[in-house]
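For reference, the structure discussed in these notes is given below.
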Amino acid sequence: MRVNFTVNGRRHEADDVWEGESLLYVLRERMGLPGSKNACEQGECGSCTVRLDGVPVCSCLVAAGQVEGREVVTVEGLADFAAHRSEQHPGSGCASGACGTALDRARRWEAGPAGEERRDTGELSPIQQAFIDAGAVQCGFCTPGLLVAADELLERNPEPSDADIREALSGNLCRCTGYEKILDAVRLAAARAEETV
Amino acid sequence: MGVTGNPTSINQGTRTKGGIGESTLRPDGILKVTGEFAYSSDMWHEDMLWGHTLRSTVAHAEIVSIDTSEALATSGVYAVLTYDDLPSTVKNYGLEIQDTPVLAHGKVRHHGEPVALVAADHPETARRAAAKIRIDYRELPVITDEASATAPDAILVHEGRDDHHAGHVPHPNIVHRQPIVRGDADAAAARADVVVSGEYVFGMQDQAFLGPESGLAVPAEDGGVDLYVATQWLHSDLRQIAPVLGLPEDKVRMTLSGVGGAFGGREDLSMQIHACLLALRTGKPVKIVYNRFESFFGHVHRHPAKLWYEHGATRDGKLTHMKCRIVLDGGAYASASPAVVGNASSLSVGPYVIDDVDIEAVALYTNNPPCGAMRGFGAVQACFAYEAQMDRLAAELGMDPVEFRQLNAMEQGTLLPTGQVVDSPAPVAELLRRVKARPLPPERQWEVAGEQADVRALPGGLSNTTHGEGVVRGIGYAVGLKNVGFSEGFDDYSTARVRMEVIAGEPVATVHTAMAEVGQGGVTVHAQIARTELGVAQVTIHPADTRVGSAGSTSASRQTYVTGGAVKHSCEAVREKVLEMGRRKFGTYHPAWATAELLLEGGKVVTDGGEVLADLVDVLEDEAVDIELEWRHRPTEAFDLRTGQGNGHVQYSFAAHRAVVEVDTELGLVKVIELACAQDVGKALNPLSVVGQIQGGTIQGMGIAVMEEIVVDPRTAKVRNPSFTDYLLPTILDTPTIPVDVLELADEHAPYGLRGVGEAPTLSSTPAVLAAIRNATGLELNRTPVRPEHLTGT
């Protein structure tokens with residue numbers, strides 16, 4: 001079958017799609033977008049998380065045909081997506097009322113000098129930059145899914161408490177970090193957003 | 001069109017110095033957060049086929065017949081291979097013992113053993129074709145434990161063994177046995193006022209790296225093959241792959257693709273040979289990607305173990321003796337079992353001074369899933385048992401468990417049971433002091449403003465099973481001892497090629513090694529070392545491949561030590577060459593060229609007093625200095641097969657944990673609140689990465705304490721839970737805060753004084769959590785992982 005949908009703001013078309021193929025497979029193997037990852041392909045690990053019409057989903061559990069005519073955002077489009085959002089809604093505040101991570105706490109991360117370049121040029125979204133700066137990336141296989149999920153968390157809750165972060169990211173497995181630096185990264189991104197308001 | 005996703009060089013530029021000791025950021029970080037980093041499962045090639053592996057559905061059986069005709073006739077299928085299609089006289093491979101068939105021949109020895117391969121134009125076509133292969137099995141009784149393995153009429157898992165351990169083992173179903181005897185444990189036992197003995201059980205843990213086994217094999221015009229894979233040791237793979245393909249090693253060219261974690265599970269081969277066989281047979285590129293179900297069958301696991309320990313102590317709290325017997329289940333193939341036995345036996349005493357010991361460790365051949373390397377490698381199982389013993393002894397003596405450990409803690413100069421002297425700092429007592437001195441998390445930490453309970457901070461979490469009723473807190477401590485590097489006389493070298501030249505008016509260093517970057521941050525550290533040694537800002541890390549000499553394995557906490565050491569060594573040689581060039585060109589202009597200690601700093605040649613003698617750009621001009629050298633740490637010795645004596649280890653690594661848990665005693669649910677760690681790392685080359693390693697290792701230790709276990713049916717030897725639905729990994733909601741205290745006591749034998757970091761935190765984390773649960777519940781708990789029924793007795 002033929003499937004048409006929008007990925008990261010661009011129309012894509014895939015031909016000869018077998019009906020059993022997942023959105024993840026079509027993204028990775030037919031559209032040249034392997035950023036979404038295939039750690040379990042059974043909806044348990046979150047490494048394939050994408051936004052489908054704005055909602056975070058495990059793309060391995062979505063049949064490609066279900067996406068016909070819809071909008072997908074993957075990690076490859078996250079920076080543009082975040083930049084666009086920032087233009088549309090500058091300085092959006094805390095939406096949930098559960099804002100709780102203190103700025104000084106978020107600043108406990110240590111970071112070195114490298115990796116700053118893209119922050120200046122705006123090629124990375126704030127959450128991507130925070131993952132690098134906080135040391136939240138090791139093997140990196142969980143990273144794309146976590147970034148999409150964490151970005152969505154901060155979109156609806158710009159000042160999440162630690163418990164909010166843990167709840168929002170509980171569908172994303174990471175085997176390398178023990179999650180501490182992932183928490184640091186989300187706190188950091190939230191704190192930097194607060195700083196710029 | 002070539003391979004897409006082929007790794008490109010990582011060019012780490014920095015405006016600042018970025019040398020060792022700084023938390024410079026990962027050079028692959030940007031690629032990893034943008035989704036551009038090419039993992040082995042991301043490889044793509046025009047016209048590529050998909051490979052699929054058909055695996056045995058039974059654990060132990062004779063193969064009566066295999067019929068592939070229907071599979072071969074399937075539209076879209078290009079090849080179906082079985083044992084009969086193997087091209088070489090070499091049909092087996094293995095890390096140490098070549099006992100593992102590339103494809104099963106006549107017999108399968110464990111559930112999930114590869115039997116046949118299919119290549120097709122779509123992965124689903126390959127899967128469906130594989131399902132059409134008919135295999136007629138005649139099932140055999142399964143060997144699942146020591147009793148069935150060594151019974152008088154036991155079927156031999158491997159008949160006609162002729163490996164180098166076959167001659168000294170008490171039974172052919174024992175892979176390797178290592179006794180260690182020192183002093184006189186029986187005589188010392190007579191001095192003991194208190195004797196404690198126990199039997200402990202350690203479950204089978206999975207590495208559960210997230211990036212599945214995968215890769216791409218591309219047939220080449222010269223009859224060879226180019227292979228892009230995720231592994232921990234390219235050259236070890238190559239040594240095993242080439243013979244079964246019937247190719248010389250130079251016709252199998254391997255390049256490391258992005259590796260999505262490893263933790264020991266990529267030491268053994270998985271899809272490497274299979275993809276090459278299909279590519280060479282079809283003449284087309286072949287990609288194989290395991291799904292998670294297959295991944296559970298596609299790699300070895302951590303050895304489950306049964307451990308018997310006896311310790312004695314005098315009334316004043318000094319350990320008198322230790323006896324132990326450790327039985328590791330190696331499963332159907334040897335993998336790393338012999339080395340795991342060496343570690344389990346030689347580290348079975350833990351970080352304590354005990355002069356009189358009687359130790360035995362064995363690994364079995366069974367029909368259970370093969371077990372091999374996983375972070376902590378034999379030392380993890382022992383630590384779980386000896387730390388439980390320490391708590392029981394302290395309780396018998398009425399002593400504080402930390403003070404009791406400190407009273408018996410090893411220190412620099414202590415003699416190990418192997419007769420080896422610990423000749424670098426061993427701050428065991430200090431590490432314990434540090435975790436104990438840390439303030440405790442507040443009581444009833446789940447209460448938020450207004451005394452409402454936040455269920456996310458309670459046992460049971462979002463299941464909303466308690467608001468604090470029936471919840472009891474417990475605190476536990478543990479400390480461990482891990483070796484660093486490959487032991488027992490192994491030639492554990494690494495190789496680094498370093499090139500220095502002027503590019504675009506700037507001095508640039510290129511570091512080329514075959515080190516497998518599996519996430520640990522070796523590439524970050526190599527660039528830091530090159531900056532420190534060569535004084536350049538720009539360092540390019542060349543992709544890891546087999547065009548440079550072996551780096552050894554990314555295992556055993558060894559890569560920063562050994563390949564870091566090799567990079568340092570080659571940089572030093574490059575520096576000497578550059579200084580020689582400088583002397584030749586500019587020596588007559590300044591006497592310091594001949595007399596002073598010269599350094600390379602900030603792109604210049606400077607004296608140790610800081611005076612600039614020349615710009616590296618002027619010294620090098622259009623010449624490049626390019627040097628490849630091997631580097632070795634101190635040699636080690638084999639352990640004596642009867643006494644276990646020998647200077648078998650390179651270096652030791654120590655970590656201590658304090659666990660704080662809260663247990664819902666009614667439902668048997670555990671919430672780990674905090675896991676504080678203190679570890680001596682010698683020298684933190686990259687503090688951010690070091691803390692990341694310690695936190696990650698800590699949580700893998702917590703996983704096997706309270707949730708992770710591969711469950712194997714004892715009647716059928718079949719795996720019951722090969723999925724992330726049924727094999728539970730810690731999520732961010734399950735994990736505690738992990739404060740880390742890093743000590744840097746230099747080991748004078750190691751580069752920069754560093755100490756391997758990755759594994760030690762995995763050891764002590766598990767027993768600390770168990771101790772805390774015992775403390776909360778008063779239960780004995782001699783098995784890990786702890787399940788709810790162990791706590792509720794239901």
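Residue names in the structure tokens use chain letters A, B, ... in the order shown, residue numbers from 1 in each chain, and ligand numbers from 1 in the order shown.
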
Listing only residues of chain B within 8 Å of chain A, what is the closest atom pair and its distance in Å (to one decimal) for each, using only C-alpha atoms, sorted by chain and residue number ascending, as a Markdown table?
| residue | atom | partner | partner_atom | distance |
| --- | --- | --- | --- | --- |
| B:Gln12 | CA | A:Ala114 | CA | 7.9 |
| B:Gly13 | CA | A:Ala114 | CA | 7.2 |
| B:Thr14 | CA | A:Ala114 | CA | 5.4 |
| B:Arg15 | CA | A:Pro113 | CA | 7.5 |
| B:Thr16 | CA | A:Pro113 | CA | 6.6 |
| B:Gly18 | CA | A:Pro113 | CA | 7.2 |
| B:Glu22 | CA | A:Gly112 | CA | 6.6 |
| B:Ser23 | CA | A:Gly112 | CA | 4.8 |
| B:Thr24 | CA | A:Gly112 | CA | 4.3 |
| B:Leu25 | CA | A:Ala114 | CA | 5.6 |
| B:Arg26 | CA | A:Ile132 | CA | 7.4 |
| B:Pro27 | CA | A:Gly115 | CA | 7.7 |
| B:Gly29 | CA | A:Ile132 | CA | 5.8 |
| B:Ile30 | CA | A:Ile132 | CA | 7.2 |
| B:Lys32 | CA | A:Gly140 | CA | 5.7 |
| B:Val33 | CA | A:Gln128 | CA | 5.6 |
| B:Thr34 | CA | A:Glu76 | CA | 5.5 |
| B:Gly35 | CA | A:Gly35 | CA | 3.9 |
| B:Glu36 | CA | A:Gly35 | CA | 6.2 |
| B:Phe37 | CA | A:Gly35 | CA | 7.8 |
| B:Asp42 | CA | A:Pro34 | CA | 5.8 |
| B:Trp44 | CA | A:Glu29 | CA | 7.8 |
| B:Ala208 | CA | A:Arg175 | CA | 7.2 |
| B:Phe209 | CA | A:Arg175 | CA | 6.3 |
| B:Leu210 | CA | A:Ala39 | CA | 5.0 |
| B:Gly211 | CA | A:Ala39 | CA | 5.4 |
| B:Pro212 | CA | A:Ala39 | CA | 6.0 |
| B:Val259 | CA | A:Cys139 | CA | 6.6 |
| B:Gly260 | CA | A:Cys139 | CA | 5.1 |
| B:Gly261 | CA | A:Cys139 | CA | 5.3 |
| B:Asn291 | CA | A:Cys40 | CA | 6.2 |
| B:Arg292 | CA | A:Cys40 | CA | 4.8 |
| B:Phe293 | CA | A:Cys40 | CA | 7.9 |
| B:Arg456 | CA | A:Ala163 | CA | 6.5 |
| B:Ala457 | CA | A:Ala163 | CA | 7.5 |
| B:Val518 | CA | A:Cys139 | CA | 5.8 |
| B:Gly519 | CA | A:Cys139 | CA | 3.5 |
| B:Gln520 | CA | A:Gln138 | CA | 6.1 |
| B:Gly521 | CA | A:Gln138 | CA | 6.9 |
| B:Leu688 | CA | A:Gly135 | CA | 6.4 |
| B:Ser689 | CA | A:Gly135 | CA | 7.0 |
| B:Gly692 | CA | A:Thr177 | CA | 5.7 |
| B:Gln693 | CA | A:Thr177 | CA | 6.9 |
| B:Gln695 | CA | A:Gly178 | CA | 5.3 |
| B:Gly696 | CA | A:Gly178 | CA | 4.2 |
| B:Gly697 | CA | A:Gly178 | CA | 7.5 |
| B:Thr698 | CA | A:Gly178 | CA | 7.2 |
| B:Ile699 | CA | A:Gly178 | CA | 5.2 |
| B:Gln700 | CA | A:Arg175 | CA | 7.6 |
| B:Ser723 | CA | A:Cys40 | CA | 7.9 |
| B:Phe724 | CA | A:Glu44 | CA | 6.0 |
| B:Thr725 | CA | A:Glu44 | CA | 6.4 |
| B:Leu729 | CA | A:Leu173 | CA | 7.5 |
| B:Pro730 | CA | A:Leu173 | CA | 7.6 |
| B:Thr731 | CA | A:Ser170 | CA | 5.6 |
| B:Ile732 | CA | A:Ser170 | CA | 5.4 |
| B:Leu733 | CA | A:Arg166 | CA | 5.1 |
| B:Thr735 | CA | A:Gly178 | CA | 7.2 |
| B:Thr737 | CA | A:Glu180 | CA | 6.8 |
| B:Ile738 | CA | A:Glu180 | CA | 6.9 |

Take the residues just selected and output them with C-alpha atoms as a PDB file, in the first residue's frame.
ATOM      1  CA  GLN B  12      36.083  17.408  18.670  1.00  0.00           C
ATOM      2  CA  GLY B  13      36.956  21.049  18.584  1.00  0.00           C
ATOM      3  CA  THR B  14      37.236  23.107  21.701  1.00  0.00           C
ATOM      4  CA  ARG B  15      38.256  26.622  22.526  1.00  0.00           C
ATOM      5  CA  THR B  16      39.676  25.644  25.862  1.00  0.00           C
ATOM      6  CA  GLY B  18      39.924  20.204  27.511  1.00  0.00           C
ATOM      7  CA  GLU B  22      38.010  18.162  33.003  1.00  0.00           C
ATOM      8  CA  SER B  23      34.407  17.212  32.367  1.00  0.00           C
ATOM      9  CA  THR B  24      34.647  17.772  28.641  1.00  0.00           C
ATOM     10  CA  LEU B  25      31.524  16.767  26.792  1.00  0.00           C
ATOM     11  CA  ARG B  26      31.118  13.722  24.579  1.00  0.00           C
ATOM     12  CA  PRO B  27      32.326  14.223  21.008  1.00  0.00           C
ATOM     13  CA  GLY B  29      26.881  13.856  21.959  1.00  0.00           C
ATOM     14  CA  ILE B  30      25.440  16.100  19.258  1.00  0.00           C
ATOM     15  CA  LYS B  32      23.330  11.180  19.543  1.00  0.00           C
ATOM     16  CA  VAL B  33      20.799  13.883  20.504  1.00  0.00           C
ATOM     17  CA  THR B  34      19.905  14.707  16.906  1.00  0.00           C
ATOM     18  CA  GLY B  35      19.325  11.103  15.877  1.00  0.00           C
ATOM     19  CA  GLU B  36      22.181  11.194  13.367  1.00  0.00           C
ATOM     20  CA  PHE B  37      24.506   8.808  15.211  1.00  0.00           C
ATOM     21  CA  ASP B  42      20.675   1.909  11.395  1.00  0.00           C
ATOM     22  CA  TRP B  44      21.294   0.600   5.175  1.00  0.00           C
ATOM     23  CA  ALA B 208      19.610  -5.736  28.513  1.00  0.00           C
ATOM     24  CA  PHE B 209      21.608  -3.273  26.448  1.00  0.00           C
ATOM     25  CA  LEU B 210      19.027  -1.305  24.499  1.00  0.00           C
ATOM     26  CA  GLY B 211      20.613  -1.430  21.034  1.00  0.00           C
ATOM     27  CA  PRO B 212      19.758  -4.885  19.692  1.00  0.00           C
ATOM     28  CA  VAL B 259      26.937   0.499  19.944  1.00  0.00           C
ATOM     29  CA  GLY B 260      23.777   0.781  22.019  1.00  0.00           C
ATOM     30  CA  GLY B 261      25.254  -0.416  25.299  1.00  0.00           C
ATOM     31  CA  ASN B 291      14.100  -7.980  18.012  1.00  0.00           C
ATOM     32  CA  ARG B 292      14.032  -8.008  21.814  1.00  0.00           C
ATOM     33  CA  PHE B 293      12.668 -11.532  22.046  1.00  0.00           C
ATOM     34  CA  ARG B 456       5.214   8.160  43.241  1.00  0.00           C
ATOM     35  CA  ALA B 457       7.617   8.150  46.196  1.00  0.00           C
ATOM     36  CA  VAL B 518      29.865   1.325  23.857  1.00  0.00           C
ATOM     37  CA  GLY B 519      28.666   4.437  25.657  1.00  0.00           C
ATOM     38  CA  GLN B 520      31.283   4.572  28.393  1.00  0.00           C
ATOM     39  CA  GLY B 521      32.948   7.669  26.983  1.00  0.00           C
ATOM     40  CA  LEU B 688      31.152  13.778  34.631  1.00  0.00           C
ATOM     41  CA  SER B 689      31.615  10.420  32.898  1.00  0.00           C
ATOM     42  CA  GLY B 692      27.723   8.526  35.137  1.00  0.00           C
ATOM     43  CA  GLN B 693      29.452   5.147  35.211  1.00  0.00           C
ATOM     44  CA  GLN B 695      25.335   5.740  38.845  1.00  0.00           C
ATOM     45  CA  GLY B 696      24.658   3.378  35.948  1.00  0.00           C
ATOM     46  CA  GLY B 697      26.495   0.501  37.617  1.00  0.00           C
ATOM     47  CA  THR B 698      24.671   1.167  40.859  1.00  0.00           C
ATOM     48  CA  ILE B 699      21.269   0.816  39.191  1.00  0.00           C
ATOM     49  CA  GLN B 700      22.224  -2.400  37.400  1.00  0.00           C
ATOM     50  CA  SER B 723      10.762  -9.711  26.745  1.00  0.00           C
ATOM     51  CA  PHE B 724      10.796  -6.326  28.425  1.00  0.00           C
ATOM     52  CA  THR B 725       7.212  -7.034  29.417  1.00  0.00           C
ATOM     53  CA  LEU B 729      14.223  -3.343  34.173  1.00  0.00           C
ATOM     54  CA  PRO B 730      14.369  -0.396  36.560  1.00  0.00           C
ATOM     55  CA  THR B 731      12.556   2.648  35.180  1.00  0.00           C
ATOM     56  CA  ILE B 732      13.150   6.222  36.280  1.00  0.00           C
ATOM     57  CA  LEU B 733      10.222   5.775  38.693  1.00  0.00           C
ATOM     58  CA  THR B 735      15.284   4.336  40.800  1.00  0.00           C
ATOM     59  CA  THR B 737      18.662   9.317  44.077  1.00  0.00           C
ATOM     60  CA  ILE B 738      22.296   8.260  43.777  1.00  0.00           C
TER      61      ILE B 738
END

DSSP on the backbone: what in chain A comes out alpha helix (DSSP H), as a PyMOL selection string? chain A and resi 23-25+78-88+103-106+117-121+126-134+143-156+162-168+180-196

Point-to-point distance from atom CA of Ala305 of chain B to atom CA of Ile326 of chain B, Å rounded to tenths: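 These atoms are spaced 6.9 Å apart.
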
I'd like the neighbourhood of segment 59-61 of chain A as a short mmCIF file (atom, residue, chain, number, x, y, z; two decimals) with C-alpha atoms, in the first residue's frame, where a residue qualifies if any of its atoms comes within 7 Å (using only C-alpha atoms), though same-chain residues fewer than 2 positions away should be ignored.
data_model
loop_
_atom_site.label_atom_id
_atom_site.label_comp_id
_atom_site.auth_asym_id
_atom_site.auth_seq_id
_atom_site.Cartn_x
_atom_site.Cartn_y
_atom_site.Cartn_z
CA SER A 22 4.89 -0.22 11.93
CA LEU A 23 5.36 3.52 11.77
CA LEU A 24 8.79 2.87 13.27
CA GLU A 41 9.61 -3.18 19.28
CA GLN A 42 6.95 -4.13 21.80
CA GLY A 43 6.04 -0.82 23.40
CA CYS A 48 10.89 4.83 19.45
CA THR A 49 8.79 7.63 20.96
CA VAL A 50 7.54 10.18 18.42
CA VAL A 57 3.42 7.44 21.13
CA ALA A 63 0.62 0.57 12.20
#

Those of segment 735-771 of chain B in DSSP strand (DSSP E), formatted as a PyMOL selection string: chain B and resi 740-743

Could you check how far atom CA of Asn647 of chain B sits from atom CA of Gly419 of chain B, in Å to one decimal?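 Calculated distance between atom CA of Asn647 of chain B and atom CA of Gly419 of chain B is 7.0 Å.
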
Between B:Val606, B:Met204, B:Ala566, B:Val786, which residue has the minimum interatomic distance to Val711 of chain B, considering only C-alpha atoms?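 Of the candidates, the smallest distance to Val711 of chain B is held by B:Met204.
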
How far is it from atom CA of Asn92 of chain B to atom CA of Val80 of chain B, in Å with one decimal?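 These two atoms are separated by 19.1 Å.
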
Fewer than 4 positions away in the same chain doesn't count, so skip those; otherwise give me all residues within 8 Å of segment 224-241 of chain B, counting only C-alpha atoms, as a PyMOL selection string. chain B and resi 39-40+43+93-95+213-220+245+247+249+251-260+262+264+266-269+272-273+276+279-280+514-518+545-546+550-555

Atoms kept (N, CA and C atoms) for selection, written as a short mmCIF file (atom, residue, chain, number, x, y, z; two decimals), in the first residue's frame:
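That gives us result.cif:
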data_model
loop_
_atom_site.label_atom_id
_atom_site.label_comp_id
_atom_site.auth_asym_id
_atom_site.auth_seq_id
_atom_site.Cartn_x
_atom_site.Cartn_y
_atom_site.Cartn_z
N TYR B 39 23.89 3.81 14.60
CA TYR B 39 24.02 2.54 15.33
C TYR B 39 24.02 1.39 14.34
N SER B 40 24.39 0.24 14.85
CA SER B 40 24.51 -0.92 13.95
C SER B 40 23.18 -1.29 13.33
N MET B 43 22.19 0.75 9.87
CA MET B 43 22.90 0.58 8.59
C MET B 43 21.90 0.30 7.48
N TYR B 93 33.02 -21.69 17.04
CA TYR B 93 33.76 -20.52 17.51
C TYR B 93 33.61 -20.45 19.02
N GLY B 94 34.28 -19.51 19.64
CA GLY B 94 34.16 -19.32 21.09
C GLY B 94 35.24 -18.38 21.56
N LEU B 95 34.99 -17.72 22.69
CA LEU B 95 35.96 -16.75 23.21
C LEU B 95 37.24 -17.44 23.63
N GLU B 213 21.27 -6.63 18.97
CA GLU B 213 22.31 -7.22 18.13
C GLU B 213 21.94 -6.94 16.68
N SER B 214 22.86 -6.40 15.92
CA SER B 214 22.53 -6.01 14.56
C SER B 214 23.78 -5.62 13.81
N GLY B 215 23.64 -5.57 12.50
CA GLY B 215 24.77 -5.14 11.68
C GLY B 215 24.51 -5.42 10.22
N LEU B 216 25.49 -5.03 9.42
CA LEU B 216 25.38 -5.15 7.98
C LEU B 216 26.67 -5.77 7.44
N ALA B 217 26.52 -6.83 6.64
CA ALA B 217 27.68 -7.45 5.98
C ALA B 217 27.57 -7.16 4.48
N VAL B 218 28.64 -6.64 3.92
CA VAL B 218 28.65 -6.27 2.50
C VAL B 218 29.72 -7.09 1.80
N PRO B 219 29.31 -7.95 0.84
CA PRO B 219 30.32 -8.75 0.15
C PRO B 219 31.20 -7.85 -0.72
N ALA B 220 32.48 -8.17 -0.79
CA ALA B 220 33.42 -7.33 -1.54
C ALA B 220 33.89 -8.05 -2.79
N LEU B 245 34.43 -18.56 8.05
CA LEU B 245 34.11 -18.14 6.69
C LEU B 245 35.10 -18.73 5.69
N LEU B 247 38.09 -17.57 5.32
CA LEU B 247 38.78 -16.41 4.75
C LEU B 247 39.97 -16.02 5.63
N GLU B 249 42.17 -13.31 7.65
CA GLU B 249 41.64 -12.19 8.44
C GLU B 249 41.62 -10.88 7.66
N LYS B 251 40.71 -10.38 4.77
CA LYS B 251 39.55 -10.26 3.87
C LYS B 251 38.25 -10.05 4.64
N VAL B 252 38.33 -9.97 5.95
CA VAL B 252 37.17 -9.63 6.76
C VAL B 252 37.48 -8.28 7.41
N ARG B 253 36.93 -7.23 6.84
CA ARG B 253 37.26 -5.89 7.31
C ARG B 253 36.12 -5.39 8.17
N MET B 254 36.44 -5.15 9.44
CA MET B 254 35.38 -4.79 10.39
C MET B 254 35.46 -3.33 10.78
N THR B 255 34.31 -2.70 10.84
CA THR B 255 34.20 -1.33 11.31
C THR B 255 33.15 -1.30 12.42
N LEU B 256 33.49 -0.60 13.48
CA LEU B 256 32.55 -0.49 14.59
C LEU B 256 31.43 0.46 14.21
N SER B 257 30.21 -0.01 14.32
CA SER B 257 29.06 0.87 14.18
C SER B 257 28.68 1.38 15.57
N GLY B 258 27.69 2.27 15.61
CA GLY B 258 27.26 2.75 16.91
C GLY B 258 26.79 1.61 17.80
N VAL B 259 27.25 1.60 19.03
CA VAL B 259 26.94 0.50 19.94
C VAL B 259 25.95 1.00 21.00
N GLY B 260 24.80 0.38 21.05
CA GLY B 260 23.78 0.78 22.02
C GLY B 260 23.91 0.04 23.33
N ALA B 262 26.43 -2.37 26.14
CA ALA B 262 27.05 -3.69 25.99
C ALA B 262 27.03 -4.46 27.32
N GLY B 264 28.99 -6.39 28.76
CA GLY B 264 29.48 -7.78 28.71
C GLY B 264 28.76 -8.61 27.68
N ARG B 266 28.11 -8.20 24.64
CA ARG B 266 28.61 -8.20 23.27
C ARG B 266 30.04 -8.73 23.18
N GLU B 267 30.49 -9.41 24.23
CA GLU B 267 31.82 -10.03 24.13
C GLU B 267 31.76 -11.23 23.20
N ASP B 268 30.67 -11.97 23.28
CA ASP B 268 30.51 -13.13 22.39
C ASP B 268 29.91 -12.68 21.07
N LEU B 269 30.15 -13.46 20.03
CA LEU B 269 29.54 -13.19 18.74
C LEU B 269 28.04 -13.43 18.81
N GLN B 272 27.23 -11.81 13.78
CA GLN B 272 28.35 -11.45 12.91
C GLN B 272 28.59 -12.48 11.81
N ILE B 273 28.80 -13.74 12.23
CA ILE B 273 29.11 -14.77 11.24
C ILE B 273 27.90 -15.02 10.34
N CYS B 276 27.60 -12.50 7.58
CA CYS B 276 28.66 -12.69 6.58
C CYS B 276 28.36 -13.90 5.70
N ALA B 279 25.69 -12.98 3.24
CA ALA B 279 26.18 -12.01 2.26
C ALA B 279 27.07 -12.69 1.23
N LEU B 280 27.94 -13.58 1.71
CA LEU B 280 28.85 -14.25 0.79
C LEU B 280 28.08 -15.23 -0.10
N ALA B 514 41.17 0.69 17.92
CA ALA B 514 40.06 -0.23 17.66
C ALA B 514 39.16 -0.36 18.88
N MET B 515 39.30 0.58 19.80
CA MET B 515 38.47 0.52 21.01
C MET B 515 36.99 0.63 20.69
N ALA B 516 36.20 -0.25 21.24
CA ALA B 516 34.76 -0.19 21.08
C ALA B 516 34.19 0.83 22.05
N GLU B 517 33.69 1.93 21.48
CA GLU B 517 32.94 2.89 22.30
C GLU B 517 31.53 2.33 22.45
N VAL B 518 31.18 1.93 23.65
CA VAL B 518 29.87 1.33 23.86
C VAL B 518 28.96 2.25 24.66
N ASP B 545 38.21 0.51 13.81
CA ASP B 545 38.13 -0.56 12.81
C ASP B 545 39.33 -1.49 12.98
N THR B 546 39.41 -2.48 12.11
CA THR B 546 40.49 -3.46 12.23
C THR B 546 41.70 -3.08 11.37
N SER B 550 44.86 -4.34 17.69
CA SER B 550 43.80 -4.61 18.67
C SER B 550 43.87 -3.64 19.86
N ALA B 551 42.69 -3.28 20.34
CA ALA B 551 42.58 -2.47 21.55
C ALA B 551 42.19 -3.33 22.75
N GLY B 552 42.01 -4.63 22.51
CA GLY B 552 41.45 -5.45 23.57
C GLY B 552 39.99 -5.09 23.77
N SER B 553 39.41 -5.70 24.75
CA SER B 553 37.96 -5.61 24.94
C SER B 553 37.55 -4.38 25.75
N THR B 554 36.37 -3.86 25.44
CA THR B 554 35.75 -2.86 26.31
C THR B 554 35.01 -3.64 27.39
N SER B 555 35.79 -4.12 28.34
CA SER B 555 35.31 -4.99 29.41
C SER B 555 36.24 -4.82 30.59
#

So which one's closest to Ala659 of chain B, B:Ala717, B:Ile288, B:Leu440, B:Val523? Using only C-alpha atoms, please.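 For Ala659 of chain B, the nearest of the given residues is B:Leu440.
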
With only C-alpha atoms as the counted atoms, please give the residues lying no more than 9 Å from segment 568-571 of chain B, apart from itself and same-chain residues fewer than 4 positions off, as a list of chain:residue names.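 So the residues in contact are B:Thr495, B:Ala496, B:Arg497, B:Val498, B:Arg499, B:Val511, B:His526, B:Ile529, B:Ala530, B:Glu533, B:Leu534, B:Thr563, B:Gly564, B:Arg575, B:Glu576, B:Ile627, B:Glu628, B:Leu629, B:Glu630, B:Trp631, B:Pro751.
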
Tell me which protein, DNA and RNA residues are within 12 Å of segment 140-142 of chain B, counting only C-alpha atoms, leaving out same-chain ones fewer than 3 positions away, and put them as a PyMOL selection string. chain B and resi 58-63+107-111+137+145-149+153-157+331-332+365-369+712-718

Show which residues sit within 12 Å of segment 579-584 of chain B, as a PyMOL selection string. Count only C-alpha atoms, and ignore same-chain residues fewer than 2 positions away. chain B and resi 534+572-577+586-600+604-607+613-621+623-625

Counting only C-alpha atoms, which of B:Val578, B:Ala339, B:Val567, B:Ala187 gets nearest to Phe490 of chain B?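 Checking each candidate against Phe490 of chain B, we get B:Ala339 as the closest.
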
When you count only C-alpha atoms, which of these residues is closest to Glu443 of chain B: B:Gly317, B:Gly198, B:Gly474, B:Pro417? B:Gly474
